[in-house]
Amino acid sequence: MPFLAPWFLVGALAAVIPLLLHLRRSRRMQKIVFSTTRFFDEQFIRASRRARLQDLLVMMLRILLLILLVLAMMQPVLRHGAMAQMMGLDGRRHVAIVLDDSASMGVMSERGVLFERARRGALALLDELSAERGDTATVVLAGYREAGPRVLFSRPTSDIAAVREVIEQLELTDLATDIDGAVRSAAAVLGTEVDHDGRVVRTSASGGRREIFIFSDMQTDGFLADARLGAGPLISSFFVATRPQSPPPQGHLSIDAVQYDSPQTMVGMPFALRAIVTNHGPSPRQVLAQLVIGEDVTATSRVEVPAGRSTAVRFRPRISEPGWFAGHVEIEPADDGPGAAFAAAQRRYFAIEAGERMRLLAVNGAPSSVPRRDELFFFRTALTLDPAALARPGRDGPPPARVRIDFDEIRPDALRYDRLRGYPMVVMANVRALNDDQLADLERYVDGGGRLLITLGDRVDPAAYKRWIGPGRLHDGLLPARLTRSRQVGDEDDAAAVAHVEEGHYIFADPAEVGLAHFGHARIGRRFDVEAVRGDVLMSAGDDMPLLLERRFGRGRVMMLTTGIDRDWNDLPVQPVYVSWLYRMIGHLGQAMDAADQFLATGRAVSLPASVTAFEPMRIRMPDGSDTWPEGSATAFNFDATERAGIYKVYDTAARGDARPRMLLAANMPHAEARLAYAEREHLETFLAEDAAWMMVDEPEAVAQAGRLARQGIGLWDPLLMLALAVVVAEPWIANRLSRRRQLQAQSRRAAGGGQGAAAPGRVDIEQPAGLKRSA
């Protein structure tokens, strides 16, 4: 508890004045000698002692009065403990305003939308800053962006009007919350760099107070669980809790995901689509889910969602035209009222490509007039089966929709670019080698967006394939790994078994159809070993040697199977999973992008493949209808302006008018943002570094007052003056009351006449004030 005017402490010497007066009065006593004590009784003696105590009480009240006046003149203040180290700094303020623009700030509270309340609190904070005094300010947005928090002023500016204008123009986004990153960025702008554990790594000396005000609903997912947040002891952090006072009694609903069974569907055939609806409330809720494709509601489904659980709502739509199409799933009735969920939580977008047929070109390196000995016999047979024959006993529902494939075949010597470019996908099966011109044509085809599946076999020359990789090749070569040698694997050897599949990949994402268990009886008799893996391993054997690999190559992709596609080297073609496995591989390669890339979390940075041999800029149409041109290089276009949920349309720059987009991307708010789990004061203590100087403000409307409290503390002089006034009033009242009581007691004794019995004669010396009448 510091003092603003400590020099008034010398006034405490005035407290000795009542003591000196009391002592001086005590010395002014007279001795009166009485011949007998019979005129005195015990009551008189007790009254005399009581009078001395009463005089002492009056003296203490007068001393207290002087002490209170001195303390009030010293101006004591009571400060927040964590902010005490900010004392002594000059009056300049350097303020970083962290404004949470995430989707959950769109919740309606008792006093309006949370984001608007935060904006008003930030503007009220600016009212206290003065450019003439040397104050500066900056703004950091706390919505999660993969590229890092958005800092609106890289250096704190004294142009407070410009900061105000920027804040007034800010709009809410559909991002997740990133308080941790925003606070670290704000600290860096103010000159302090902190590490993962909240420790100060570097700080630059600057005069004045440095403060960070975080306006956020404090979603727990906005803090890193394995990190300690803090801006160091020299920066004061104010966590301004901007959220509803209480959640809605019925809770809220959200759509957490939209899933479908294939990345590419066929025109006229139904495909399975399901939406995951979550009830965050304490009681079951009836919900009507609507499937909207384009502008039309194509299907509805009413389900009951249990309390605190999720339910899958299923649809089976049909697409009438080929090409890309987009839609969304939404739920009704929408939550409303204070604490209710926001629009982004109750709508989920998706984009998918529909085709009439898929053209596939196969390069057969081991043809045969005997069908079962032909390299592509099992491959061709699997892709031409009737989908109705694919239904498995015990599996509910119809068989998965399959892409209809137009299957063309050529020999290796016919491979050239003009022959390849009309096909979205090429399969090279057990091809011995390619000459330099053929290899360059194949690289050009894949770089321009083609997809290539390479399967190996007994005709492959590993020495020739080694030329496919190297610094002299386009993108350092086509292959996702370098071939070393083919080797026979014993039937009982672990290397003969499929031991691992990448379950997060689309090909193996459905364990009920293509899971590791379905490969349990498959045996790999022979395969190529590989080294220098440069792609993703999707399937591997028991000795960890890759069996299936994938690599991006320009705008296209390459997938390589290190064993054969027929029965010569393995028994995969006779396994029940073979057909589904092939269809999922071809469906995956047939897409312009990975299925995972089509579903974006807002705030994510997207890398769209570019072609070196056919480079062309891209144009992206945003959900609001505006266009943007992402920055590009020879290998990719980088795009990170995904702050809004909705459909992003990707065009070639040359496309004009009503041209169809090259692809569609669906961006959705991360589902964790819909939980509305708020961090309380005790939770903040677990997230913050031990030396962090911080305080929590309960609502944004009180932020200016809280800032003054932290900087100046609570002035105690007013309570002290009020207490002194009370003493001033009480002291004469107490003194008069005590004096009146003495007079009444004296009158009572005189009326009694002193005849209450004689005492033994003797001598008593009684000290008495000089003014006492001797008639007593």
# chains A, B, ... in the order shown; residues from 1 in each chain; ligands from 1
>>> select_by_dssp(residues="stretch 95-342 of chain A", states="helix (DSSP H, G or I)", output="number ranges by chain")
A: 103-106, 114-126, 160-169, 179-189, 220-222
>>> atom_distance(atom1="atom CA of A:Gly525", atom2="atom CA of A:Arg467")
26.5 Å
>>> closest_residue(among="A:Leu589, A:Pro306, A:Pro732, A:Ile235", to="A:Ala693", atoms="only C-alpha atoms")
A:Ile235
>>> select_by_dssp(residues="stretch 280-481 of chain A", states="strand (DSSP E)", output="ChimeraX atom specification")
/A:285-293,296-305,310-315,323-332,347-355,358-364,405-410,425-429,451-455
>>> closest_atom_pairs(of="stretch 528-647 of chain A", to="stretch 479-492 of chain A", cutoff="7 Å", atoms="only C-alpha atoms", output="CSV")
residue,atom,partner,partner_atom,distance
A:Phe528,CA,A:Ser486,CA,4.0
A:Asp529,CA,A:Thr484,CA,5.7
A:Val530,CA,A:Leu483,CA,4.6
A:Glu531,CA,A:Arg482,CA,5.3
A:Ala532,CA,A:Ala481,CA,5.5
A:Val533,CA,A:Ala481,CA,4.3
A:Arg534,CA,A:Pro480,CA,5.0
A:Gly535,CA,A:Pro480,CA,4.9
A:Leu549,CA,A:Pro480,CA,6.4
A:Glu550,CA,A:Pro480,CA,6.1
A:Arg551,CA,A:Pro480,CA,5.4
>>> closest_residue(among="A:Leu453, A:Ala730, A:Leu478, A:Ala641", to="A:Ala362", atoms="only C-alpha atoms")
A:Leu453
>>> closest_residue(among="A:Glu211, A:Asp566, A:Glu330, A:Glu171", to="A:Ala382", atoms="only C-alpha atoms")
A:Asp566
>>> residues_around(residues="A:Arg348", least_positions_apart="2", cutoff="8 Å", atoms="only C-alpha atoms", output="PyMOL selection string")
chain A and resi 255-258+328-330+344-346+350+668
>>> residues_around(residues="stretch 418-422 of chain A", least_positions_apart="2", cutoff="12 Å", atoms="only C-alpha atoms", output="VMD selection string")
chain A and resid 358 to 363 408 to 416 424 to 428 438 441 to 452
>>> residues_around(residues="A:Leu376", least_positions_apart="3", cutoff="7 Å", atoms="only C-alpha atoms", output="PyMOL selection string")
chain A and resi 364+379-380+566
>>> atom_distance(atom1="atom CA of A:Thr311", atom2="atom CA of A:Ala272")
15.6 Å
>>> atom_distance(atom1="atom CA of A:Arg145", atom2="atom CA of A:Val606")
11.5 Å
